[in-house]
Each structure stands twice: as C-alpha cells, then as structure tokens.
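Engineer: Next comes the structure file model_33.txt, holding compact mmCIF, N, CA and C atoms.
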```txt
# COMPACT_ATOMS: atom_id res chain seq x y z
N MET D 19 18.13 -28.29 -27.94
CA MET D 19 18.34 -27.35 -29.02
C MET D 19 19.45 -27.89 -29.91
N ALA D 20 19.23 -27.88 -31.20
CA ALA D 20 20.23 -28.34 -32.16
C ALA D 20 20.79 -27.14 -32.92
N ASN D 21 22.04 -27.22 -33.29
CA ASN D 21 22.68 -26.17 -34.07
C ASN D 21 22.93 -26.67 -35.48
N TYR D 22 22.34 -25.99 -36.44
CA TYR D 22 22.50 -26.34 -37.85
C TYR D 22 23.30 -25.26 -38.56
N ILE D 23 24.02 -25.67 -39.57
CA ILE D 23 24.86 -24.75 -40.34
C ILE D 23 24.08 -24.16 -41.50
N ALA D 24 24.19 -22.85 -41.65
CA ALA D 24 23.63 -22.15 -42.80
C ALA D 24 24.80 -21.60 -43.60
N ILE D 25 24.75 -21.77 -44.91
CA ILE D 25 25.82 -21.29 -45.79
C ILE D 25 25.30 -20.10 -46.59
N LEU D 26 26.05 -19.00 -46.57
CA LEU D 26 25.67 -17.81 -47.31
C LEU D 26 26.52 -17.68 -48.57
N HIS D 27 25.84 -17.37 -49.65
CA HIS D 27 26.51 -17.09 -50.93
C HIS D 27 26.02 -15.73 -51.39
N ARG D 28 26.91 -14.93 -51.94
CA ARG D 28 26.50 -13.65 -52.52
C ARG D 28 25.78 -13.94 -53.83
N ASP D 29 24.63 -13.29 -54.05
CA ASP D 29 23.89 -13.52 -55.29
C ASP D 29 24.29 -12.48 -56.34
N ALA D 30 23.75 -12.61 -57.54
CA ALA D 30 24.12 -11.76 -58.67
C ALA D 30 23.76 -10.29 -58.44
N GLU D 31 22.74 -10.03 -57.61
CA GLU D 31 22.30 -8.65 -57.36
C GLU D 31 23.00 -8.02 -56.16
N GLY D 32 23.92 -8.74 -55.50
CA GLY D 32 24.64 -8.20 -54.37
C GLY D 32 24.06 -8.57 -53.02
N GLY D 33 22.96 -9.31 -53.01
CA GLY D 33 22.37 -9.79 -51.77
C GLY D 33 22.99 -11.13 -51.39
N PHE D 34 22.30 -11.84 -50.52
CA PHE D 34 22.82 -13.11 -50.03
C PHE D 34 21.75 -14.19 -50.08
N ASP D 35 22.14 -15.35 -50.58
CA ASP D 35 21.29 -16.54 -50.58
C ASP D 35 21.79 -17.45 -49.47
N VAL D 36 20.87 -18.13 -48.81
CA VAL D 36 21.22 -19.02 -47.71
C VAL D 36 20.74 -20.42 -48.04
N SER D 37 21.59 -21.40 -47.80
CA SER D 37 21.20 -22.80 -47.95
C SER D 37 21.58 -23.55 -46.68
N PHE D 38 20.93 -24.67 -46.48
CA PHE D 38 21.18 -25.51 -45.31
C PHE D 38 21.56 -26.90 -45.80
N PRO D 39 22.80 -27.30 -45.63
CA PRO D 39 23.23 -28.62 -46.09
C PRO D 39 22.39 -29.77 -45.51
N ASP D 40 21.91 -29.62 -44.30
CA ASP D 40 21.12 -30.68 -43.69
C ASP D 40 19.65 -30.66 -44.13
N PHE D 41 19.24 -29.58 -44.79
CA PHE D 41 17.85 -29.42 -45.25
C PHE D 41 17.87 -28.85 -46.67
N PRO D 42 18.12 -29.69 -47.68
CA PRO D 42 18.29 -29.21 -49.05
C PRO D 42 17.13 -28.38 -49.61
N ARG D 43 15.94 -28.58 -49.12
CA ARG D 43 14.79 -27.84 -49.65
C ARG D 43 14.49 -26.56 -48.88
N CYS D 44 15.28 -26.27 -47.87
CA CYS D 44 15.08 -25.07 -47.06
C CYS D 44 16.07 -24.00 -47.50
N THR D 45 15.55 -22.85 -47.92
CA THR D 45 16.41 -21.75 -48.37
C THR D 45 15.88 -20.43 -47.83
N ALA D 46 16.72 -19.43 -47.89
CA ALA D 46 16.34 -18.07 -47.48
C ALA D 46 17.22 -17.11 -48.26
N ALA D 47 16.91 -15.83 -48.14
CA ALA D 47 17.70 -14.80 -48.82
C ALA D 47 17.51 -13.47 -48.10
N GLY D 48 18.42 -12.55 -48.36
CA GLY D 48 18.31 -11.21 -47.81
C GLY D 48 19.20 -10.26 -48.57
N THR D 49 18.90 -8.98 -48.46
CA THR D 49 19.72 -7.99 -49.16
C THR D 49 20.99 -7.67 -48.39
N THR D 50 21.01 -7.96 -47.08
CA THR D 50 22.20 -7.79 -46.26
C THR D 50 22.48 -9.10 -45.53
N ILE D 51 23.67 -9.23 -44.98
CA ILE D 51 23.99 -10.44 -44.22
C ILE D 51 23.06 -10.56 -43.01
N ASP D 52 22.81 -9.46 -42.32
CA ASP D 52 21.93 -9.51 -41.15
C ASP D 52 20.51 -9.93 -41.54
N GLU D 53 20.00 -9.38 -42.63
CA GLU D 53 18.66 -9.77 -43.08
C GLU D 53 18.64 -11.24 -43.49
N ALA D 54 19.67 -11.70 -44.18
CA ALA D 54 19.74 -13.10 -44.60
C ALA D 54 19.80 -14.01 -43.38
N LYS D 55 20.54 -13.62 -42.35
CA LYS D 55 20.64 -14.40 -41.12
C LYS D 55 19.27 -14.51 -40.46
N ASP D 56 18.57 -13.40 -40.35
CA ASP D 56 17.24 -13.41 -39.73
C ASP D 56 16.26 -14.26 -40.53
N MET D 57 16.29 -14.12 -41.83
CA MET D 57 15.39 -14.90 -42.69
C MET D 57 15.74 -16.39 -42.62
N ALA D 58 17.03 -16.70 -42.50
CA ALA D 58 17.47 -18.09 -42.40
C ALA D 58 16.93 -18.72 -41.11
N HIS D 59 17.02 -17.98 -40.03
CA HIS D 59 16.52 -18.51 -38.75
C HIS D 59 15.03 -18.80 -38.85
N GLU D 60 14.27 -17.88 -39.41
CA GLU D 60 12.82 -18.07 -39.56
C GLU D 60 12.52 -19.24 -40.50
N ALA D 61 13.23 -19.33 -41.62
CA ALA D 61 12.98 -20.39 -42.59
C ALA D 61 13.27 -21.76 -41.99
N LEU D 62 14.37 -21.87 -41.26
CA LEU D 62 14.72 -23.15 -40.68
C LEU D 62 13.72 -23.56 -39.59
N ALA D 63 13.32 -22.61 -38.76
CA ALA D 63 12.35 -22.91 -37.70
C ALA D 63 11.05 -23.43 -38.32
N LEU D 64 10.57 -22.77 -39.36
CA LEU D 64 9.33 -23.21 -40.03
C LEU D 64 9.52 -24.57 -40.69
N HIS D 65 10.64 -24.77 -41.33
CA HIS D 65 10.91 -26.04 -42.02
C HIS D 65 10.90 -27.20 -41.02
N ILE D 66 11.59 -27.02 -39.89
CA ILE D 66 11.64 -28.07 -38.88
C ILE D 66 10.26 -28.31 -38.27
N LYS D 67 9.52 -27.25 -38.00
CA LYS D 67 8.17 -27.39 -37.46
C LYS D 67 7.29 -28.19 -38.42
N THR D 68 7.38 -27.88 -39.70
CA THR D 68 6.60 -28.59 -40.71
C THR D 68 6.98 -30.07 -40.74
N MET D 69 8.27 -30.36 -40.65
CA MET D 69 8.72 -31.75 -40.63
C MET D 69 8.15 -32.49 -39.41
N LEU D 70 8.27 -31.87 -38.25
CA LEU D 70 7.79 -32.51 -37.02
C LEU D 70 6.27 -32.69 -37.04
N ASP D 71 5.56 -31.66 -37.51
CA ASP D 71 4.09 -31.76 -37.60
C ASP D 71 3.67 -32.87 -38.55
N GLY D 72 4.48 -33.15 -39.55
CA GLY D 72 4.19 -34.20 -40.51
C GLY D 72 4.70 -35.57 -40.09
N GLY D 73 5.25 -35.66 -38.89
CA GLY D 73 5.75 -36.93 -38.39
C GLY D 73 7.07 -37.37 -38.98
N ARG D 74 7.78 -36.45 -39.61
CA ARG D 74 9.07 -36.79 -40.22
C ARG D 74 10.19 -36.60 -39.21
N ASN D 75 11.25 -37.36 -39.37
CA ASN D 75 12.42 -37.23 -38.51
C ASN D 75 13.27 -36.05 -38.95
N VAL D 76 13.81 -35.34 -37.98
CA VAL D 76 14.71 -34.22 -38.25
C VAL D 76 16.14 -34.78 -38.18
N PRO D 77 16.96 -34.52 -39.20
CA PRO D 77 18.31 -35.08 -39.19
C PRO D 77 19.18 -34.47 -38.09
N ALA D 78 20.15 -35.23 -37.68
CA ALA D 78 21.15 -34.69 -36.76
C ALA D 78 22.00 -33.67 -37.51
N PRO D 79 22.47 -32.65 -36.82
CA PRO D 79 23.29 -31.65 -37.50
C PRO D 79 24.61 -32.24 -38.01
N SER D 80 25.01 -31.79 -39.18
CA SER D 80 26.30 -32.19 -39.75
C SER D 80 27.41 -31.40 -39.06
N ARG D 81 28.60 -31.95 -39.14
CA ARG D 81 29.76 -31.23 -38.59
C ARG D 81 30.22 -30.18 -39.61
N LEU D 82 30.61 -29.03 -39.12
CA LEU D 82 31.07 -27.95 -39.98
C LEU D 82 32.22 -28.41 -40.88
N GLU D 83 33.15 -29.16 -40.33
CA GLU D 83 34.29 -29.63 -41.11
C GLU D 83 33.85 -30.47 -42.31
N ASP D 84 32.82 -31.28 -42.13
CA ASP D 84 32.33 -32.11 -43.23
C ASP D 84 31.64 -31.26 -44.30
N ILE D 85 30.96 -30.22 -43.88
CA ILE D 85 30.23 -29.36 -44.82
C ILE D 85 31.19 -28.53 -45.68
N ILE D 86 32.13 -27.87 -45.05
CA ILE D 86 32.98 -26.95 -45.82
C ILE D 86 33.95 -27.66 -46.75
N ASP D 87 34.14 -28.96 -46.56
CA ASP D 87 34.98 -29.72 -47.49
C ASP D 87 34.25 -30.05 -48.78
N GLY D 88 32.92 -29.83 -48.83
CA GLY D 88 32.14 -30.14 -50.01
C GLY D 88 32.35 -29.12 -51.12
N PRO D 89 32.33 -29.56 -52.38
CA PRO D 89 32.58 -28.66 -53.52
C PRO D 89 31.50 -27.59 -53.70
N HIS D 90 30.30 -27.82 -53.22
CA HIS D 90 29.22 -26.84 -53.39
C HIS D 90 29.42 -25.59 -52.55
N TYR D 91 30.32 -25.64 -51.59
CA TYR D 91 30.48 -24.52 -50.67
C TYR D 91 31.83 -23.83 -50.80
N ALA D 92 32.54 -24.09 -51.88
CA ALA D 92 33.86 -23.49 -52.08
C ALA D 92 33.79 -21.97 -52.20
N ASP D 93 32.67 -21.43 -52.71
CA ASP D 93 32.56 -19.98 -52.89
C ASP D 93 31.72 -19.32 -51.80
N ALA D 94 31.52 -19.98 -50.68
CA ALA D 94 30.69 -19.44 -49.62
C ALA D 94 31.29 -18.16 -49.06
N VAL D 95 30.43 -17.17 -48.82
CA VAL D 95 30.86 -15.90 -48.26
C VAL D 95 31.03 -16.00 -46.75
N ALA D 96 30.10 -16.68 -46.08
CA ALA D 96 30.15 -16.78 -44.62
C ALA D 96 29.45 -18.06 -44.19
N VAL D 97 29.75 -18.49 -43.00
CA VAL D 97 29.10 -19.65 -42.42
C VAL D 97 28.49 -19.22 -41.10
N LEU D 98 27.22 -19.49 -40.92
CA LEU D 98 26.53 -19.15 -39.68
C LEU D 98 25.99 -20.40 -39.03
N VAL D 99 25.96 -20.42 -37.73
CA VAL D 99 25.31 -21.49 -37.00
C VAL D 99 23.96 -20.96 -36.55
N VAL D 100 22.90 -21.66 -36.93
CA VAL D 100 21.55 -21.25 -36.59
C VAL D 100 20.99 -22.23 -35.59
N SER D 101 20.58 -21.74 -34.43
CA SER D 101 20.03 -22.60 -33.39
C SER D 101 18.52 -22.62 -33.47
N VAL D 102 17.96 -23.81 -33.38
CA VAL D 102 16.52 -23.98 -33.46
C VAL D 102 16.11 -25.03 -32.44
N SER D 103 15.05 -24.77 -31.71
CA SER D 103 14.52 -25.77 -30.78
C SER D 103 13.77 -26.83 -31.57
N GLU D 104 13.95 -28.07 -31.19
CA GLU D 104 13.24 -29.17 -31.84
C GLU D 104 12.01 -29.52 -31.03
```
Take the structure in the file and give it back as structure tokens.
Structural biologist:
Amino acid sequence: MANYIAILHRDAEGGFDVSFPDFPRCTAAGTTIDEAKDMAHEALALHIKTMLDGGRNVPAPSRLEDIIDGPHYADAVAVLVVSVSE
C-alpha cells in the first residue's frame, strides 16, 4: 500500500478542490472537507487502476516536506494522506 498526498484548496464557492502532486491529471472536489476527502480517495484509486491497466508505471509517493515547499501549495487549506493499494 502506498500513501499519496492530496492537497485541498478552498474554491470560490466555498467548497474544496483536491489535487495530487504525484498525479497532475487526477483531481477531485467536494462541498465539504469530508466529501472532498472521500471523492479524492475514489479519484486516486480509479486513476491508479487506469494507469496499471494501461501498463503504465505508478510513481513513488513524494515526501510531504518536498510538496509543501512548492509555490503551488502556499494557499493550501489542508493536507491529507490518501492510502491506495497498488
């Protein structure tokens, strides 16, 4: 099982957008933090499954310290660790 970092940002409507630094094309959203967390887990699981089914390599998880030092995450509301079986 690998642990990947999900970054939550508050959106303009008061909900939350989720991005994954290790998977730039994988995103999720929710009207609450709990909903965003649940949607993020589902989105990442599907994204990784699609990669594996297509014969693509899944990247190793980045370190949290390396992610939060990036300028794109300066306004992050919360950081969640999402576990997904490979």
Engineer: If you measure from atom CA of D:Met57 to atom C of D:Asp87, what distance in Å do you get, rounded to one decimal?
Structural biologist: 24.9 Å
Engineer: Can you pull out every residue within 7 Å of D:Leu62, counting all atoms listed in the file, but drop anything in the same chain fewer than 3 positions away, and send it as a PyMOL selection string?
Structural biologist: chain D and resi 44-45+57-59+65-67+102
Engineer: Write out as a list in words all residues of stretch 20-80 of chain D that DSSP puts in helix (DSSP H, G or I) for this structure's backbone.
Structural biologist: Ile51, Asp52, Glu53, Ala54, Lys55, Asp56, Met57, Ala58, His59, Glu60, Ala61, Leu62, Ala63, Leu64, His65, Ile66, Lys67, Thr68, Met69, Leu70 and Asp71 of chain D
Engineer: As a VMD selection string, list the residues of chain D assigned to strand (DSSP E) by DSSP on the backbone atoms of this structure.
Structural biologist: chain D and resid 20 to 28 34 to 37 45 to 48 96 to 102
Engineer: Atom N of D:Pro42 and atom C of D:Ser80 are how many Å apart?
Structural biologist: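 A separation of 12.8 Å between them.
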Engineer: Give me the residues near stretch 34-40 of chain D as a JSON list (two decimals) with N, CA and C atoms, keeping the file's coordinate frame, where near means some atom within 9 Å (using only C-alpha atoms) and where sequence neighbours in that chain fewer than 4 positions away do not count.
Structural biologist:
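Result file is out_19.json:
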```json
[["chain", "number", "residue", "atom", "x", "y", "z"],
["D", 22, "TYR", "N", 22.34, -25.99, -36.44],
["D", 22, "TYR", "CA", 22.50, -26.34, -37.85],
["D", 22, "TYR", "C", 23.30, -25.26, -38.56],
["D", 23, "ILE", "N", 24.02, -25.67, -39.57],
["D", 23, "ILE", "CA", 24.86, -24.75, -40.34],
["D", 23, "ILE", "C", 24.08, -24.16, -41.50],
["D", 24, "ALA", "N", 24.19, -22.85, -41.65],
["D", 24, "ALA", "CA", 23.63, -22.15, -42.80],
["D", 24, "ALA", "C", 24.80, -21.60, -43.60],
["D", 25, "ILE", "N", 24.75, -21.77, -44.91],
["D", 25, "ILE", "CA", 25.82, -21.29, -45.79],
["D", 25, "ILE", "C", 25.30, -20.10, -46.59],
["D", 26, "LEU", "N", 26.05, -19.00, -46.57],
["D", 26, "LEU", "CA", 25.67, -17.81, -47.31],
["D", 26, "LEU", "C", 26.52, -17.68, -48.57],
["D", 27, "HIS", "N", 25.84, -17.37, -49.65],
["D", 27, "HIS", "CA", 26.51, -17.09, -50.93],
["D", 27, "HIS", "C", 26.02, -15.73, -51.39],
["D", 28, "ARG", "N", 26.91, -14.93, -51.94],
["D", 28, "ARG", "CA", 26.50, -13.65, -52.52],
["D", 28, "ARG", "C", 25.78, -13.94, -53.83],
["D", 29, "ASP", "N", 24.63, -13.29, -54.05],
["D", 29, "ASP", "CA", 23.89, -13.52, -55.29],
["D", 29, "ASP", "C", 24.29, -12.48, -56.34],
["D", 30, "ALA", "N", 23.75, -12.61, -57.54],
["D", 30, "ALA", "CA", 24.12, -11.76, -58.67],
["D", 30, "ALA", "C", 23.76, -10.29, -58.44],
["D", 44, "CYS", "N", 15.28, -26.27, -47.87],
["D", 44, "CYS", "CA", 15.08, -25.07, -47.06],
["D", 44, "CYS", "C", 16.07, -24.00, -47.50],
["D", 45, "THR", "N", 15.55, -22.85, -47.92],
["D", 45, "THR", "CA", 16.41, -21.75, -48.37],
["D", 45, "THR", "C", 15.88, -20.43, -47.83],
["D", 46, "ALA", "N", 16.72, -19.43, -47.89],
["D", 46, "ALA", "CA", 16.34, -18.07, -47.48],
["D", 46, "ALA", "C", 17.22, -17.11, -48.26],
["D", 47, "ALA", "N", 16.91, -15.83, -48.14],
["D", 47, "ALA", "CA", 17.70, -14.80, -48.82],
["D", 47, "ALA", "C", 17.51, -13.47, -48.10],
["D", 48, "GLY", "N", 18.42, -12.55, -48.36],
["D", 48, "GLY", "CA", 18.31, -11.21, -47.81],
["D", 48, "GLY", "C", 19.20, -10.26, -48.57],
["D", 49, "THR", "N", 18.90, -8.98, -48.46],
["D", 49, "THR", "CA", 19.72, -7.99, -49.16],
["D", 49, "THR", "C", 20.99, -7.67, -48.39],
["D", 50, "THR", "N", 21.01, -7.96, -47.08],
["D", 50, "THR", "CA", 22.20, -7.79, -46.26],
["D", 50, "THR", "C", 22.48, -9.10, -45.53],
["D", 51, "ILE", "N", 23.67, -9.23, -44.98],
["D", 51, "ILE", "CA", 23.99, -10.44, -44.22],
["D", 51, "ILE", "C", 23.06, -10.56, -43.01],
["D", 53, "GLU", "N", 20.00, -9.38, -42.63],
["D", 53, "GLU", "CA", 18.66, -9.77, -43.08],
["D", 53, "GLU", "C", 18.64, -11.24, -43.49],
["D", 54, "ALA", "N", 19.67, -11.70, -44.18],
["D", 54, "ALA", "CA", 19.74, -13.10, -44.60],
["D", 54, "ALA", "C", 19.80, -14.01, -43.38],
["D", 55, "LYS", "N", 20.54, -13.62, -42.35],
["D", 55, "LYS", "CA", 20.64, -14.40, -41.12],
["D", 55, "LYS", "C", 19.27, -14.51, -40.46],
["D", 57, "MET", "N", 16.29, -14.12, -41.83],
["D", 57, "MET", "CA", 15.39, -14.90, -42.69],
["D", 57, "MET", "C", 15.74, -16.39, -42.62],
["D", 58, "ALA", "N", 17.03, -16.70, -42.50],
["D", 58, "ALA", "CA", 17.47, -18.09, -42.40],
["D", 58, "ALA", "C", 16.93, -18.72, -41.11],
["D", 62, "LEU", "N", 14.37, -21.87, -41.26],
["D", 62, "LEU", "CA", 14.72, -23.15, -40.68],
["D", 62, "LEU", "C", 13.72, -23.56, -39.59],
["D", 77, "PRO", "N", 16.96, -34.52, -39.20],
["D", 77, "PRO", "CA", 18.31, -35.08, -39.19],
["D", 77, "PRO", "C", 19.18, -34.47, -38.09],
["D", 78, "ALA", "N", 20.15, -35.23, -37.68],
["D", 78, "ALA", "CA", 21.15, -34.69, -36.76],
["D", 78, "ALA", "C", 22.00, -33.67, -37.51],
["D", 79, "PRO", "N", 22.47, -32.65, -36.82],
["D", 79, "PRO", "CA", 23.29, -31.65, -37.50],
["D", 79, "PRO", "C", 24.61, -32.24, -38.01],
["D", 80, "SER", "N", 25.01, -31.79, -39.18],
["D", 80, "SER", "CA", 26.30, -32.19, -39.75],
["D", 80, "SER", "C", 27.41, -31.40, -39.06],
["D", 85, "ILE", "N", 30.96, -30.22, -43.88],
["D", 85, "ILE", "CA", 30.23, -29.36, -44.82],
["D", 85, "ILE", "C", 31.19, -28.53, -45.68],
["D", 95, "VAL", "N", 30.43, -17.17, -48.82],
["D", 95, "VAL", "CA", 30.86, -15.90, -48.26],
["D", 95, "VAL", "C", 31.03, -16.00, -46.75]]
```
Engineer: From the set D:Val76, D:Leu82, D:Leu70, D:Leu64, which residue has the shortest atom-to-atom contact distance to D:Ala20, counting only C-alpha atoms?
Structural biologist: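 Closest residue, counting only C-alpha atoms: D:Val76.
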Engineer: Between atom C of D:Asn21 and atom N of D:Arg81, what is the spacing in Å?
Structural biologist: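 Atom C of D:Asn21 lies at a distance of 8.6 Å from atom N of D:Arg81.
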Engineer: Can you fill out stretch 29-55 of chain D with N, CA, C and O atoms and hand it back as a PDB file, keeping the file's coordinate frame?
Structural biologist:
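Heads up, here's the output in rebuild.pdb:
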```pdb
ATOM      1  N   ASP D  29      24.630 -13.290 -54.050  1.00  0.00           N
ATOM      2  CA  ASP D  29      23.890 -13.520 -55.290  1.00  0.00           C
ATOM      3  C   ASP D  29      24.290 -12.480 -56.340  1.00  0.00           C
ATOM      4  O   ASP D  29      25.078 -11.579 -56.076  1.00  0.00           O
ATOM      5  N   ALA D  30      23.750 -12.610 -57.540  1.00  0.00           N
ATOM      6  CA  ALA D  30      24.120 -11.760 -58.670  1.00  0.00           C
ATOM      7  C   ALA D  30      23.760 -10.290 -58.440  1.00  0.00           C
ATOM      8  O   ALA D  30      24.376  -9.396 -59.025  1.00  0.00           O
ATOM      9  N   GLU D  31      22.740 -10.030 -57.610  1.00  0.00           N
ATOM     10  CA  GLU D  31      22.300  -8.650 -57.360  1.00  0.00           C
ATOM     11  C   GLU D  31      23.000  -8.020 -56.160  1.00  0.00           C
ATOM     12  O   GLU D  31      22.682  -6.896 -55.775  1.00  0.00           O
ATOM     13  N   GLY D  32      23.920  -8.740 -55.500  1.00  0.00           N
ATOM     14  CA  GLY D  32      24.640  -8.200 -54.370  1.00  0.00           C
ATOM     15  C   GLY D  32      24.060  -8.570 -53.020  1.00  0.00           C
ATOM     16  O   GLY D  32      24.600  -8.214 -51.985  1.00  0.00           O
ATOM     17  N   GLY D  33      22.960  -9.310 -53.010  1.00  0.00           N
ATOM     18  CA  GLY D  33      22.370  -9.790 -51.770  1.00  0.00           C
ATOM     19  C   GLY D  33      22.990 -11.130 -51.390  1.00  0.00           C
ATOM     20  O   GLY D  33      24.064 -11.493 -51.875  1.00  0.00           O
ATOM     21  N   PHE D  34      22.300 -11.840 -50.520  1.00  0.00           N
ATOM     22  CA  PHE D  34      22.820 -13.110 -50.030  1.00  0.00           C
ATOM     23  C   PHE D  34      21.750 -14.190 -50.080  1.00  0.00           C
ATOM     24  O   PHE D  34      20.616 -13.977 -49.664  1.00  0.00           O
ATOM     25  N   ASP D  35      22.140 -15.350 -50.580  1.00  0.00           N
ATOM     26  CA  ASP D  35      21.290 -16.540 -50.580  1.00  0.00           C
ATOM     27  C   ASP D  35      21.790 -17.450 -49.470  1.00  0.00           C
ATOM     28  O   ASP D  35      22.997 -17.532 -49.225  1.00  0.00           O
ATOM     29  N   VAL D  36      20.870 -18.130 -48.810  1.00  0.00           N
ATOM     30  CA  VAL D  36      21.220 -19.020 -47.710  1.00  0.00           C
ATOM     31  C   VAL D  36      20.740 -20.420 -48.040  1.00  0.00           C
ATOM     32  O   VAL D  36      19.609 -20.610 -48.511  1.00  0.00           O
ATOM     33  N   SER D  37      21.590 -21.400 -47.800  1.00  0.00           N
ATOM     34  CA  SER D  37      21.200 -22.800 -47.950  1.00  0.00           C
ATOM     35  C   SER D  37      21.580 -23.550 -46.680  1.00  0.00           C
ATOM     36  O   SER D  37      22.436 -23.101 -45.908  1.00  0.00           O
ATOM     37  N   PHE D  38      20.930 -24.670 -46.480  1.00  0.00           N
ATOM     38  CA  PHE D  38      21.180 -25.510 -45.310  1.00  0.00           C
ATOM     39  C   PHE D  38      21.560 -26.900 -45.800  1.00  0.00           C
ATOM     40  O   PHE D  38      20.724 -27.625 -46.329  1.00  0.00           O
ATOM     41  N   PRO D  39      22.800 -27.300 -45.630  1.00  0.00           N
ATOM     42  CA  PRO D  39      23.230 -28.620 -46.090  1.00  0.00           C
ATOM     43  C   PRO D  39      22.390 -29.770 -45.510  1.00  0.00           C
ATOM     44  O   PRO D  39      22.164 -30.762 -46.193  1.00  0.00           O
ATOM     45  N   ASP D  40      21.910 -29.620 -44.300  1.00  0.00           N
ATOM     46  CA  ASP D  40      21.120 -30.680 -43.690  1.00  0.00           C
ATOM     47  C   ASP D  40      19.650 -30.660 -44.130  1.00  0.00           C
ATOM     48  O   ASP D  40      18.922 -31.622 -43.870  1.00  0.00           O
ATOM     49  N   PHE D  41      19.240 -29.580 -44.790  1.00  0.00           N
ATOM     50  CA  PHE D  41      17.850 -29.420 -45.250  1.00  0.00           C
ATOM     51  C   PHE D  41      17.870 -28.850 -46.670  1.00  0.00           C
ATOM     52  O   PHE D  41      17.671 -27.647 -46.864  1.00  0.00           O
ATOM     53  N   PRO D  42      18.120 -29.690 -47.680  1.00  0.00           N
ATOM     54  CA  PRO D  42      18.290 -29.210 -49.050  1.00  0.00           C
ATOM     55  C   PRO D  42      17.130 -28.380 -49.610  1.00  0.00           C
ATOM     56  O   PRO D  42      17.350 -27.545 -50.472  1.00  0.00           O
ATOM     57  N   ARG D  43      15.940 -28.580 -49.120  1.00  0.00           N
ATOM     58  CA  ARG D  43      14.790 -27.840 -49.650  1.00  0.00           C
ATOM     59  C   ARG D  43      14.490 -26.560 -48.880  1.00  0.00           C
ATOM     60  O   ARG D  43      13.544 -25.844 -49.202  1.00  0.00           O
ATOM     61  N   CYS D  44      15.280 -26.270 -47.870  1.00  0.00           N
ATOM     62  CA  CYS D  44      15.080 -25.070 -47.060  1.00  0.00           C
ATOM     63  C   CYS D  44      16.070 -24.000 -47.500  1.00  0.00           C
ATOM     64  O   CYS D  44      17.280 -24.216 -47.474  1.00  0.00           O
ATOM     65  N   THR D  45      15.550 -22.850 -47.920  1.00  0.00           N
ATOM     66  CA  THR D  45      16.410 -21.750 -48.370  1.00  0.00           C
ATOM     67  C   THR D  45      15.880 -20.430 -47.830  1.00  0.00           C
ATOM     68  O   THR D  45      14.742 -20.338 -47.380  1.00  0.00           O
ATOM     69  N   ALA D  46      16.720 -19.430 -47.890  1.00  0.00           N
ATOM     70  CA  ALA D  46      16.340 -18.070 -47.480  1.00  0.00           C
ATOM     71  C   ALA D  46      17.220 -17.110 -48.260  1.00  0.00           C
ATOM     72  O   ALA D  46      18.162 -17.512 -48.936  1.00  0.00           O
ATOM     73  N   ALA D  47      16.910 -15.830 -48.140  1.00  0.00           N
ATOM     74  CA  ALA D  47      17.700 -14.800 -48.820  1.00  0.00           C
ATOM     75  C   ALA D  47      17.510 -13.470 -48.100  1.00  0.00           C
ATOM     76  O   ALA D  47      16.563 -13.287 -47.346  1.00  0.00           O
ATOM     77  N   GLY D  48      18.420 -12.550 -48.360  1.00  0.00           N
ATOM     78  CA  GLY D  48      18.310 -11.210 -47.810  1.00  0.00           C
ATOM     79  C   GLY D  48      19.200 -10.260 -48.570  1.00  0.00           C
ATOM     80  O   GLY D  48      20.150 -10.678 -49.232  1.00  0.00           O
ATOM     81  N   THR D  49      18.900  -8.980 -48.460  1.00  0.00           N
ATOM     82  CA  THR D  49      19.720  -7.990 -49.160  1.00  0.00           C
ATOM     83  C   THR D  49      20.990  -7.670 -48.390  1.00  0.00           C
ATOM     84  O   THR D  49      21.951  -7.176 -48.970  1.00  0.00           O
ATOM     85  N   THR D  50      21.010  -7.960 -47.080  1.00  0.00           N
ATOM     86  CA  THR D  50      22.200  -7.790 -46.260  1.00  0.00           C
ATOM     87  C   THR D  50      22.480  -9.100 -45.530  1.00  0.00           C
ATOM     88  O   THR D  50      21.604  -9.974 -45.448  1.00  0.00           O
ATOM     89  N   ILE D  51      23.670  -9.230 -44.980  1.00  0.00           N
ATOM     90  CA  ILE D  51      23.990 -10.440 -44.220  1.00  0.00           C
ATOM     91  C   ILE D  51      23.060 -10.560 -43.010  1.00  0.00           C
ATOM     92  O   ILE D  51      22.557 -11.643 -42.712  1.00  0.00           O
ATOM     93  N   ASP D  52      22.810  -9.460 -42.320  1.00  0.00           N
ATOM     94  CA  ASP D  52      21.930  -9.510 -41.150  1.00  0.00           C
ATOM     95  C   ASP D  52      20.510  -9.930 -41.540  1.00  0.00           C
ATOM     96  O   ASP D  52      19.889 -10.733 -40.849  1.00  0.00           O
ATOM     97  N   GLU D  53      20.000  -9.380 -42.630  1.00  0.00           N
ATOM     98  CA  GLU D  53      18.660  -9.770 -43.080  1.00  0.00           C
ATOM     99  C   GLU D  53      18.640 -11.240 -43.490  1.00  0.00           C
ATOM    100  O   GLU D  53      17.703 -11.970 -43.140  1.00  0.00           O
ATOM    101  N   ALA D  54      19.670 -11.700 -44.180  1.00  0.00           N
ATOM    102  CA  ALA D  54      19.740 -13.100 -44.600  1.00  0.00           C
ATOM    103  C   ALA D  54      19.800 -14.010 -43.380  1.00  0.00           C
ATOM    104  O   ALA D  54      19.137 -15.054 -43.339  1.00  0.00           O
ATOM    105  N   LYS D  55      20.540 -13.620 -42.350  1.00  0.00           N
ATOM    106  CA  LYS D  55      20.640 -14.400 -41.120  1.00  0.00           C
ATOM    107  C   LYS D  55      19.270 -14.510 -40.460  1.00  0.00           C
ATOM    108  O   LYS D  55      18.856 -15.596 -40.055  1.00  0.00           O
TER     109      LYS D  55
END
```
